[in-house]
Each structure stands twice: as structure tokens, then as C-alpha cells.
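target_21.cif follows; it contains mmCIF, C-alpha atoms and all ligand atoms.
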data_protein
#
loop_
_atom_site.label_atom_id
_atom_site.label_comp_id
_atom_site.auth_asym_id
_atom_site.auth_seq_id
_atom_site.Cartn_x
_atom_site.Cartn_y
_atom_site.Cartn_z
CA MET K 1 122.82 82.65 102.50
CA PRO K 2 123.53 79.98 105.10
CA THR K 3 124.73 80.95 108.58
CA ARG K 4 128.10 79.66 109.58
CA ILE K 5 128.59 79.99 113.31
CA PHE K 6 130.90 78.09 115.57
CA LEU K 7 129.92 77.43 119.18
CA THR K 8 132.90 75.86 120.91
CA SER K 9 132.37 72.54 122.67
CA GLY K 10 134.70 73.62 125.46
CA ASP K 11 136.81 70.53 124.70
CA LEU K 12 139.97 71.27 122.72
CA MET K 13 140.18 67.78 121.20
CA ALA K 14 136.56 67.87 120.07
CA ASP K 15 136.98 71.35 118.56
CA ARG K 16 140.08 70.10 116.67
CA ARG K 17 138.14 67.13 115.29
CA TYR K 18 135.53 69.61 114.09
CA ASP K 19 138.21 71.70 112.32
CA PHE K 20 139.58 68.59 110.59
CA ALA K 21 136.05 67.60 109.61
CA ARG K 22 135.50 71.04 108.03
CA ASP K 23 138.73 70.62 106.05
CA LEU K 24 137.55 67.25 104.74
CA GLN K 25 134.12 68.69 103.95
CA MET K 26 135.74 71.50 101.95
CA LYS K 27 137.73 68.92 100.03
CA GLY K 28 134.53 67.03 99.22
CA ASP K 29 135.12 64.03 101.48
CA LEU K 30 131.69 64.07 103.15
CA PRO K 31 131.74 60.52 104.64
CA GLY K 32 135.18 61.25 106.15
CA ALA K 33 133.91 64.55 107.56
CA ALA K 34 130.82 62.86 109.02
CA ASP K 35 133.03 60.28 110.71
CA LEU K 36 135.18 62.96 112.36
CA LEU K 37 132.09 64.90 113.47
CA LEU K 38 130.74 61.76 115.14
CA GLN K 39 134.06 61.40 116.95
CA ALA K 40 133.78 65.05 118.03
CA THR K 41 130.30 64.48 119.45
CA ASP K 42 131.53 61.32 121.25
CA LEU K 43 134.11 63.51 122.98
CA ALA K 44 131.65 66.35 123.63
CA PRO K 45 128.04 65.12 123.50
CA ASN K 46 126.62 68.67 123.68
CA PHE K 47 128.75 69.99 120.78
CA VAL K 48 125.91 71.80 119.00
CA THR K 49 127.90 73.04 116.01
CA ALA K 50 129.25 69.54 115.30
CA TRP K 51 125.77 68.03 115.52
CA PHE K 52 124.43 70.67 113.16
CA SER K 53 127.24 70.14 110.63
CA LEU K 54 126.71 66.40 110.87
CA GLY K 55 123.00 66.88 110.13
CA ASP K 56 123.88 69.08 107.18
CA ILE K 57 126.32 66.55 105.71
CA ARG K 58 123.98 63.60 106.28
CA GLU K 59 121.18 65.50 104.55
CA THR K 60 123.49 66.13 101.57
CA LEU K 61 124.38 62.43 101.54
CA GLY K 62 120.66 61.54 101.45
CA GLU K 63 120.76 60.04 104.96
CA ARG K 64 117.45 61.54 106.12
CA ASP K 65 117.03 59.63 109.41
CA GLY K 66 120.62 60.30 110.45
CA ALA K 67 120.24 63.97 109.55
CA ILE K 68 117.08 64.22 111.66
CA THR K 69 118.86 62.66 114.66
CA ALA K 70 121.77 65.10 114.35
CA PHE K 71 119.56 68.18 113.86
CA ARG K 72 117.51 67.16 116.92
CA GLU K 73 120.69 67.02 119.01
CA ALA K 74 121.75 70.45 117.69
CA TRP K 75 118.35 71.92 118.53
CA ALA K 76 118.23 70.33 122.00
CA GLY K 77 121.68 71.71 122.84
CA ASP K 78 120.92 75.36 122.04
CA PRO K 79 117.69 76.92 123.36
CA HIS K 80 118.17 79.88 120.98
CA ASP K 81 118.65 77.49 118.04
CA ARG K 82 121.19 79.84 116.49
CA HIS K 83 122.04 77.32 113.74
CA GLY K 84 118.39 76.99 112.73
CA ALA K 85 118.28 73.21 113.32
CA SER K 86 114.52 73.37 113.89
CA LEU K 87 114.11 74.91 110.42
CA ARG K 88 116.09 72.08 108.89
CA LEU K 89 113.80 69.61 110.68
CA MET K 90 110.76 71.46 109.31
CA ARG K 91 112.21 71.34 105.82
CA LEU K 92 112.81 67.61 106.19
CA GLY K 93 109.17 67.17 107.26
CA ALA K 94 110.24 65.96 110.72
CA GLU K 95 108.65 68.90 112.57
CA PRO K 96 105.46 70.82 111.87
CA LEU K 97 105.78 74.31 110.44
CA ALA K 98 106.50 76.77 113.24
CA ALA K 99 108.01 80.19 113.88
CA MET K 100 111.53 81.01 112.79
CA PRO K 101 113.88 80.91 115.82
CA GLN K 102 114.75 84.50 116.72
CA GLY K 103 118.31 83.52 117.66
CA TYR K 104 118.79 82.20 114.13
CA VAL K 105 117.40 85.35 112.45
CA LYS K 106 119.63 87.53 114.62
CA VAL K 107 122.79 85.53 113.82
CA LEU K 108 121.87 85.32 110.14
CA PHE K 109 121.45 89.06 109.68
CA ASP K 110 124.19 90.13 112.09
CA GLN K 111 126.55 88.07 109.92
CA TYR K 112 125.01 89.36 106.73
CA ALA K 113 124.75 93.09 107.62
CA ARG K 114 128.10 94.22 106.21
CA ARG K 115 127.50 92.79 102.74
CA PHE K 116 123.67 92.78 102.80
CA GLU K 117 123.03 95.50 100.23
CA GLN K 118 125.62 94.22 97.80
CA ALA K 119 124.39 90.63 98.13
CA LEU K 120 120.68 91.41 97.92
CA VAL K 121 120.50 94.46 95.67
CA ASP K 122 123.43 93.85 93.33
CA ASP K 123 123.51 90.05 93.22
CA LEU K 124 119.81 89.17 93.58
CA GLY K 125 118.26 92.26 91.96
CA TYR K 126 116.32 93.04 95.12
CA ARG K 127 113.45 95.48 94.50
CA GLY K 128 111.13 95.12 97.54
CA PRO K 129 111.16 98.78 98.63
CA GLU K 130 110.41 100.04 95.07
CA LEU K 131 107.52 97.56 94.78
CA LEU K 132 106.07 98.83 98.05
CA PHE K 133 106.55 102.43 96.97
CA GLN K 134 104.70 101.92 93.68
CA ALA K 135 101.95 99.93 95.41
CA VAL K 136 101.40 102.57 98.09
CA LEU K 137 101.32 105.37 95.49
CA SER K 138 98.76 103.48 93.43
CA VAL K 139 96.48 102.75 96.42
CA ARG K 140 96.68 106.38 97.52
CA ALA K 141 96.00 107.65 94.00
CA ALA K 142 92.96 105.36 93.69
CA ALA K 143 91.67 106.70 97.02
CA ARG K 144 92.42 110.29 95.85
CA LYS K 145 94.56 110.88 98.91
CA PRO K 146 98.09 112.29 99.06
CA ALA K 147 100.89 109.80 99.57
CA PHE K 148 102.29 111.63 102.56
CA PHE K 149 102.59 110.02 105.97
CA LYS K 150 103.28 111.58 109.36
CA ARG K 151 104.43 108.47 111.20
CA ALA K 152 105.62 105.26 109.54
CA ILE K 153 106.91 102.03 111.04
CA ASP K 154 109.34 99.87 109.06
CA LEU K 155 109.10 96.24 110.26
CA GLY K 156 112.30 94.24 109.71
CA CYS K 157 113.90 97.48 108.55
CA GLY K 158 117.30 95.90 107.88
CA THR K 159 119.82 98.42 106.61
CA GLY K 160 117.10 100.97 105.82
CA LEU K 161 116.32 100.45 102.14
CA ALA K 162 112.57 100.96 102.61
CA ALA K 163 113.02 104.21 104.54
CA THR K 164 115.36 105.35 101.78
CA ALA K 165 112.65 104.68 99.16
CA PHE K 166 109.94 106.47 101.21
CA ALA K 167 112.12 109.19 102.76
CA ARG K 168 110.41 112.12 101.01
CA GLU K 169 106.92 110.85 101.80
CA VAL K 170 107.35 110.25 105.55
CA ASP K 171 107.86 112.73 108.41
CA HIS K 172 108.86 110.39 111.21
CA PHE K 173 110.23 106.90 110.54
CA ILE K 174 110.49 104.17 113.17
CA GLY K 175 112.57 101.09 112.34
CA ILE K 176 112.26 97.75 114.12
CA ASP K 177 114.58 94.82 113.52
CA LEU K 178 115.83 91.76 115.39
CA SER K 179 119.43 92.22 114.26
CA PRO K 180 121.53 94.85 116.10
CA ARG K 181 124.03 94.99 113.22
CA MET K 182 121.30 95.70 110.67
CA ILE K 183 119.98 98.42 112.99
CA GLU K 184 123.48 99.94 113.16
CA LYS K 185 123.46 100.15 109.36
CA ALA K 186 119.95 101.63 109.33
CA ARG K 187 121.08 104.33 111.76
CA LEU K 188 123.75 105.42 109.29
CA THR K 189 121.10 106.31 106.69
CA GLY K 190 119.86 109.16 108.92
CA PHE K 191 116.27 108.44 107.80
CA TYR K 192 114.99 106.96 111.07
CA ALA K 193 113.85 109.10 113.99
CA GLU K 194 113.64 105.97 116.15
CA LEU K 195 115.24 102.53 115.85
CA GLU K 196 114.57 99.51 118.01
CA VAL K 197 116.17 96.08 118.23
CA ALA K 198 113.08 93.91 118.72
CA ASP K 199 110.86 91.30 117.21
CA MET K 200 108.37 93.09 114.97
CA VAL K 201 105.30 92.03 116.97
CA GLN K 202 106.91 93.02 120.29
CA GLY K 203 108.00 96.33 118.77
CA LEU K 204 104.49 97.05 117.50
CA ARG K 205 103.04 96.18 120.92
CA ALA K 206 104.93 99.13 122.39
CA GLY K 207 103.14 101.52 119.99
CA PRO K 208 99.99 103.38 121.09
CA ASP K 209 96.66 102.67 119.37
CA GLY K 210 96.17 104.59 116.12
CA SER K 211 99.65 106.11 116.23
CA ALA K 212 100.93 105.30 112.71
CA ASP K 213 99.56 106.03 109.27
CA LEU K 214 101.92 103.71 107.37
CA ILE K 215 103.48 100.36 108.23
CA LEU K 216 105.97 98.76 105.84
CA ALA K 217 107.44 95.26 105.78
CA ALA K 218 109.79 94.80 102.82
CA ASP K 219 111.06 91.23 102.50
CA ALA K 220 110.35 90.65 106.20
CA MET K 221 107.15 88.52 106.15
CA ILE K 222 109.27 85.81 104.53
CA TYR K 223 110.60 85.21 108.07
CA VAL K 224 107.12 85.10 109.62
CA ALA K 225 105.16 81.84 109.48
CA ASP K 226 101.97 83.04 111.16
CA LEU K 227 100.86 86.44 109.85
CA ALA K 228 97.95 86.78 112.31
CA PRO K 229 99.80 88.42 115.27
CA VAL K 230 101.62 91.01 113.15
CA LEU K 231 98.45 91.83 111.20
CA ALA K 232 96.41 92.21 114.41
CA GLU K 233 99.02 94.49 116.02
CA SER K 234 99.36 96.50 112.81
CA ARG K 235 95.62 97.07 112.75
CA ARG K 236 95.69 98.30 116.34
CA VAL K 237 98.64 100.65 115.78
CA LEU K 238 97.35 102.06 112.48
CA ALA K 239 95.15 105.14 112.49
CA GLY K 240 91.91 105.00 110.47
CA GLY K 241 92.78 105.19 106.78
CA GLY K 242 96.33 104.00 107.48
CA LEU K 243 98.13 101.49 105.27
CA LEU K 244 100.11 98.32 105.84
CA ALA K 245 102.22 97.48 102.78
CA PHE K 246 104.29 94.30 102.59
CA THR K 247 105.96 91.90 100.23
CA ALA K 248 105.82 88.12 100.59
CA GLU K 249 107.11 85.09 98.76
CA THR K 250 104.39 82.86 97.44
CA HIS K 251 103.67 79.40 96.02
CA ALA K 252 100.99 77.74 93.95
CA GLY K 253 99.65 75.52 96.75
CA GLU K 254 97.68 76.38 99.86
CA GLY K 255 98.65 78.02 103.14
CA VAL K 256 102.25 78.56 104.25
CA ILE K 257 105.30 76.49 103.38
CA LEU K 258 108.99 76.70 104.23
CA GLY K 259 110.88 76.92 100.95
CA ASN K 260 114.27 75.48 100.08
CA GLY K 261 115.87 78.82 100.91
CA LEU K 262 114.52 78.50 104.48
CA ARG K 263 112.09 81.37 103.93
CA TYR K 264 108.32 81.08 104.26
CA ALA K 265 106.09 81.35 101.21
CA HIS K 266 102.45 82.36 101.69
CA ALA K 267 99.79 81.45 99.14
CA ALA K 268 97.88 84.47 97.80
CA ALA K 269 94.52 83.19 99.09
CA HIS K 270 96.10 82.65 102.50
CA VAL K 271 97.38 86.26 102.59
CA ARG K 272 93.95 87.55 101.62
CA GLU K 273 92.24 85.47 104.34
CA ALA K 274 94.77 86.48 106.99
CA VAL K 275 94.43 90.19 106.16
CA GLU K 276 90.64 90.05 106.19
CA ALA K 277 90.57 87.97 109.39
CA ALA K 278 92.59 90.76 111.05
CA GLY K 279 89.85 93.24 110.17
CA LEU K 280 91.80 95.02 107.43
CA THR K 281 90.74 95.51 103.83
CA LEU K 282 92.98 94.61 100.93
CA PRO K 283 92.79 97.09 98.05
CA LEU K 284 95.92 95.69 96.42
CA LEU K 285 97.34 92.16 96.13
CA GLU K 286 99.50 91.56 93.09
CA ASP K 287 101.97 88.97 91.86
CA ARG K 288 105.33 90.74 92.04
CA SER K 289 108.74 89.27 92.61
CA ALA K 290 111.07 91.11 94.99
CA ARG K 291 114.25 89.22 94.11
CA ASN K 292 115.86 86.72 91.77
CA GLU K 293 117.35 83.38 92.60
CA ASP K 294 119.22 81.12 90.19
CA ASN K 295 118.66 83.86 87.58
CA ALA K 296 114.86 83.61 87.84
CA PRO K 297 112.36 85.81 89.70
CA VAL K 298 111.25 84.25 93.00
CA PRO K 299 107.41 84.07 92.97
CA GLY K 300 106.19 86.86 95.20
CA LEU K 301 103.34 89.12 96.21
CA VAL K 302 102.96 92.75 97.07
CA ALA K 303 100.06 93.60 99.36
CA VAL K 304 98.58 96.84 100.63
CA ALA K 305 96.04 96.53 103.44
CA THR K 306 94.07 99.44 104.87
CA LYS K 307 92.39 100.15 108.16
CA THR K 308 89.01 101.61 107.44
C1 LIG T 1 115.72 90.41 103.90
S1 LIG T 1 115.91 91.60 105.16
C2 LIG T 1 114.99 92.98 104.52
C3 LIG T 1 115.43 94.28 105.12
C4 LIG T 1 114.72 95.53 104.64
N1 LIG T 1 113.33 95.53 104.98
C5 LIG T 1 114.92 95.69 103.15
O1 LIG T 1 113.94 95.79 102.42
O2 LIG T 1 116.08 95.76 102.73
C6 LIG T 1 114.84 90.98 106.41
C7 LIG T 1 115.01 91.72 107.75
O3 LIG T 1 113.94 91.33 108.62
C8 LIG T 1 114.46 91.17 109.92
N2 LIG T 1 113.54 90.27 110.63
C9 LIG T 1 113.23 89.00 110.33
N3 LIG T 1 112.33 88.52 111.20
C10 LIG T 1 112.05 89.54 112.06
C11 LIG T 1 111.18 89.68 113.16
N4 LIG T 1 110.40 88.67 113.58
N5 LIG T 1 111.15 90.85 113.81
C12 LIG T 1 111.94 91.88 113.42
N6 LIG T 1 112.79 91.81 112.38
C13 LIG T 1 112.83 90.65 111.70
C14 LIG T 1 115.85 90.62 109.71
O4 LIG T 1 116.67 90.80 110.84
C15 LIG T 1 116.30 91.39 108.48
O5 LIG T 1 116.98 92.57 108.82
#

Before we go any further, please render this structure as C-alpha cells.
Ligand SMILES: C[S@@+](CC[C@H](N)C(=O)[O-])C[C@H]1O[C@@H](n2cnc3c(N)ncnc32)[C@H](O)[C@@H]1O
Amino acid sequence: MPTRIFLTSGDLMADRRYDFARDLQMKGDLPGAADLLLQATDLAPNFVTAWFSLGDIRETLGERDGAITAFREAWAGDPHDRHGASLRLMRLGAEPLAAMPQGYVKVLFDQYARRFEQALVDDLGYRGPELLFQAVLSVRAAARKPAFFKRAIDLGCGTGLAATAFAREVDHFIGIDLSPRMIEKARLTGFYAELEVADMVQGLRAGPDGSADLILAADAMIYVADLAPVLAESRRVLAGGGLLAFTAETHAGEGVILGNGLRYAHAAAHVREAVEAAGLTLPLLEDRSARNEDNAPVPGLVAVATKT
């Protein structure tokens, strides 16, 4: 689900060249489109959207160096990196792996909010919340404890699918998400007592020590490169015996990678190490896929960590 945003150059001629370039791109004339985009950036050197599109086209044409130059211009021209040019540079191996730009996540999900459930649940067979639900029930059953929670925090709550799955087991749900439009959708479910537009780590930081007995992150860690800060804050906010349950995408290698879909994949051993380094225990870590892509399950993990 690529973002498609247009940030005007402020120069009518340059914006027109961009429109013509998009027409040519749609018709499959990529070299012609690239030529027009270059003309647009000659007219307006800080035309971020044109630079980004040029990078995209050059990458498709196999012109790696030219793509890197264009993505660098797009990144330099927008401190929020709303197009995600830095991610494209990471995927091309031109930048080290780093955090996902928050401006990009916000644009991506604000654009996606209206059709999110149809696209993810219906088209991609999304099942993250059900996986978390089953995993939490099984960890609670093994510990001979009831699966009932007074205060739960849903990180990257999106439209509220996880709260919907856990609604009968939770008294007070708090949702945190970077995207205001996703939060608007979550509000409509009526399952959240509190909703906050914030980065998940910042949102957790506002929570008192030991104030939650369940933290969920369904399909949200795929936008988090470094798990350490969110795991550390989760540990602080969880009460003793509390659970952190999350899904992740995974890969057969080591550590964290940025996949073709511009989502991070965390190796199972890396998840285990990160959870244990945060001082949590990991009673459950299983291979489970939360969604399909190209008609095949995307390799994934479901994890339940506990604060002892
Ligand atoms: C694929 S959606 C999943 C939504 C929901 N958890 C579900 O299961 O349907 C990922 C959500 O995580 C949010 N997100 C990504 N990175 C985030 C971050 N650092 N802090 C807060 N929310 C984030 C996005 O805005 C998006 O709504």
C-alpha cells in the first residue's frame, strides 16, 4: 500500500510538468516521465514530490545511483519525510537501517484509514488480533490465571480491531496511534475509554509505573525497527504478572531487516533477545502469520512477554 501524496512546488509550471509526468508514467512511458520530472525539478529545485517520483521511476528502471540521488533530494526537502524517501534509501542499501519516519506513518495510515479494514481483513486475510487473543488465552491458561484485564493499552491501535477482539476481557482500554484518522475510526468502535494520537513509546511514557495489566501491539511492531525502547517502557508500565502480546513479521536471517513491503521483519532469536534484555520473560513465541501477501502467508511471529 504505497502512499501517494502531492506536496506542491509552489511553481505552477513545475506542478504542471509533474502532472504530465504522472500521465506518462500511467501510460507506461517511464523514461519520458523521468525526463519531465527532471524538468520540474530544474524549475523548482525543492520539489519534493517530483524528486520522490523520479527516484521511484529510476528504481523501477534499474537506475540505482540515479534513484539514490533523487530520494536523497526528496528526503532533504522534507524534514518529516512524508514520502518515506529515507525508507527507500534503506531498502536500496544506501542508508543504514533506522526508525520509520513518523510523518510517513501518519500519512500512510491517514490515507488508508477509510478502507483499512476492507484492505487488510478482506483482501489480505488479516488475523493479528485473533492470534493475540488465542496466545493470551493460552499463556493465562498455562499460568492458571483468568484472562481478564482491568487496564489494557493497545499500541498502534489503528481502527480498533484488537480492542474488538478483547472487548469482553478488558475493563478499560487505552488506544495509542500516530494516525489521527485511524484514531477517529477507533473511537467509533466505542471500545476505548481513552484514545491518544501519539507515537507508542511517547504514549507509554505518559503512563504511571505498574498501571496496566495487558499491552497489545497487533501488526504494529512491523513499523518499529528498534524494539528496545517500547519493550523497556512496556515493562515499566506493566504491573507484576502483566502481559505484553505482539505480532511481528520475521525472516530466516539475523536481526532486523526492512522488507520489500517497507515493513520491518524481526528474526525470532532477535525478538527473544530483545524481550529478555528488557527484563521480561517470554512464555510464548510461535511462528504465526498475521496476513497474506501474493496469496501466501507472510512469515510472522506471535509473542507474549510477561513481567514477573
Ligand atoms: C497495520 S496497522 C494495525 C492496526 C491495529 N493494531 C490492527 O490490528 O488492526 C498499524 C498501526 O500502527 C500505527 N503505528 C505505526 N507505528 C506507530 C508508532 N510508532 N506509534 C504509534 N502507532 C504506530 C499505524 O498508524 C497503524 O494504525

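Each of K:Ala277, K:Ala135, K:Ala113, K:Leu188 was compared to Thr247 of chain K using only C-alpha atoms, and K:Ala135 turns out to be the nearest.
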
Exercise. Residues at most 9 Å from ligand LIG 1 (chain T), using all atoms listed in the file? Could they come as a ChimeraX atom specification?
Worked result: /K:99-102,105-110,112-113,116-117,120-121,126-129,154-163,176-183,197-203,216-224

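Interatomic distance, atom CA of Ala76 of chain K against atom CA of Met90 of chain K: 14.8 Å.
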
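Atom CA of Arg64 of chain K is positioned 23.3 Å from atom CA of Arg17 of chain K.
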
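For the atom pair formed by atom CA of Gln39 of chain K and atom CA of Leu89 of chain K, the distance is 22.7 Å, given to one decimal.
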
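Closest approach to Leu43 of chain K among K:Thr308, K:Glu73, K:Ala278, K:Leu12: K:Leu12, based on all atoms listed in the file.
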
Please, which residues in segment 106-176 of chain K fall within 6 Å of segment 190-194 of chain K when counting all atoms listed in the file, and what is the closest atom pair and distance in Å to one decimal for each, ordered by chain then residue number, as JSON lines?
{"residue": "K:His172", "atom": "CA", "partner": "K:Ala193", "partner_atom": "CA", "distance": 5.9}
{"residue": "K:Phe173", "atom": "CA", "partner": "K:Tyr192", "partner_atom": "CA", "distance": 4.8}
{"residue": "K:Ile174", "atom": "CA", "partner": "K:Glu194", "partner_atom": "CA", "distance": 4.7}

For this session: Do a neighbour search on Leu61 of chain K at 12 Å with all atoms listed in the file, toss out local chain neighbours closer than 2 positions, and write the hits as a list in words.
Result: Gln25, Gly28, Asp29, Leu30, Pro31, Gly32, Ala33, Ala34, Leu54, Gly55, Asp56, Ile57, Arg58, Glu59, Glu63, Arg64, Asp65, Gly66 and Ala67 of chain K

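Taking only C-alpha atoms into account, Ser289 of chain K lies nearest to K:Ala303 out of the set K:Ala303, K:Leu262, K:Ile5, K:Met13.
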
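Using only C-alpha atoms, the nearest neighbour of Ser138 of chain K within the list K:Ile68, K:Ala245, K:Val48, K:Ala296 is K:Ala245.
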
Exercise. So which residues touch Trp75 of chain K within 10 Å, counting only C-alpha atoms, skipping near sequence neighbours fewer than 5 positions away, as a ChimeraX atom specification?
Worked result: /K:48-49,51-52,70,80-89

Problem set entry | Arg288 of chain K environment, 10 Å, all atoms listed in the file, sequence neighbours closer than 3 positions dropped, as a VMD selection string | chain K and resid 127 to 128 131 247 to 250 285 291 297 to 303

Grab the residues selected above and save them as a JSON list (two decimals), in the frame of the given file with C-alpha atoms.
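Saved to result07.json:
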[["chain", "number", "residue", "atom", "x", "y", "z"],
["K", 127, "ARG", "CA", 113.45, 95.48, 94.50],
["K", 128, "GLY", "CA", 111.13, 95.12, 97.54],
["K", 131, "LEU", "CA", 107.52, 97.56, 94.78],
["K", 247, "THR", "CA", 105.96, 91.90, 100.23],
["K", 248, "ALA", "CA", 105.82, 88.12, 100.59],
["K", 249, "GLU", "CA", 107.11, 85.09, 98.76],
["K", 250, "THR", "CA", 104.39, 82.86, 97.44],
["K", 285, "LEU", "CA", 97.34, 92.16, 96.13],
["K", 291, "ARG", "CA", 114.25, 89.22, 94.11],
["K", 297, "PRO", "CA", 112.36, 85.81, 89.70],
["K", 298, "VAL", "CA", 111.25, 84.25, 93.00],
["K", 299, "PRO", "CA", 107.41, 84.07, 92.97],
["K", 300, "GLY", "CA", 106.19, 86.86, 95.20],
["K", 301, "LEU", "CA", 103.34, 89.12, 96.21],
["K", 302, "VAL", "CA", 102.96, 92.75, 97.07],
["K", 303, "ALA", "CA", 100.06, 93.60, 99.36]]

Which residues of segment 126-232 of chain K come within 12 Å of segment 268-271 of chain K, and what is each one's closest atom pair and distance in Å (one decimal), counting all atoms listed in the file, sorted by chain and residue number, as CSV?
residue,atom,partner,partner_atom,distance
K:Met221,CA,K:Val271,CA,10.6
K:Ala225,CA,K:Val271,CA,11.3
K:Asp226,CA,K:Val271,CA,10.2
K:Leu227,CA,K:Val271,CA,8.1
K:Ala228,CA,K:Val271,CA,9.8
K:Leu231,CA,K:Val271,CA,10.3

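Of the residues under consideration (K:Ala40, K:Leu238, K:Val170, K:Leu284), K:Leu284 shows the shortest atom-to-atom contact distance to Ala305 of chain K when counting all atoms listed in the file.
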
Problem set entry | Shell of 12 Å around Ala143 of chain K, all atoms listed in the file, local chain residues under 3 positions omitted, as an NGL selection string | :K and (136-140 or 146-147 or 241-243 or 283-284 or 306 or 308)
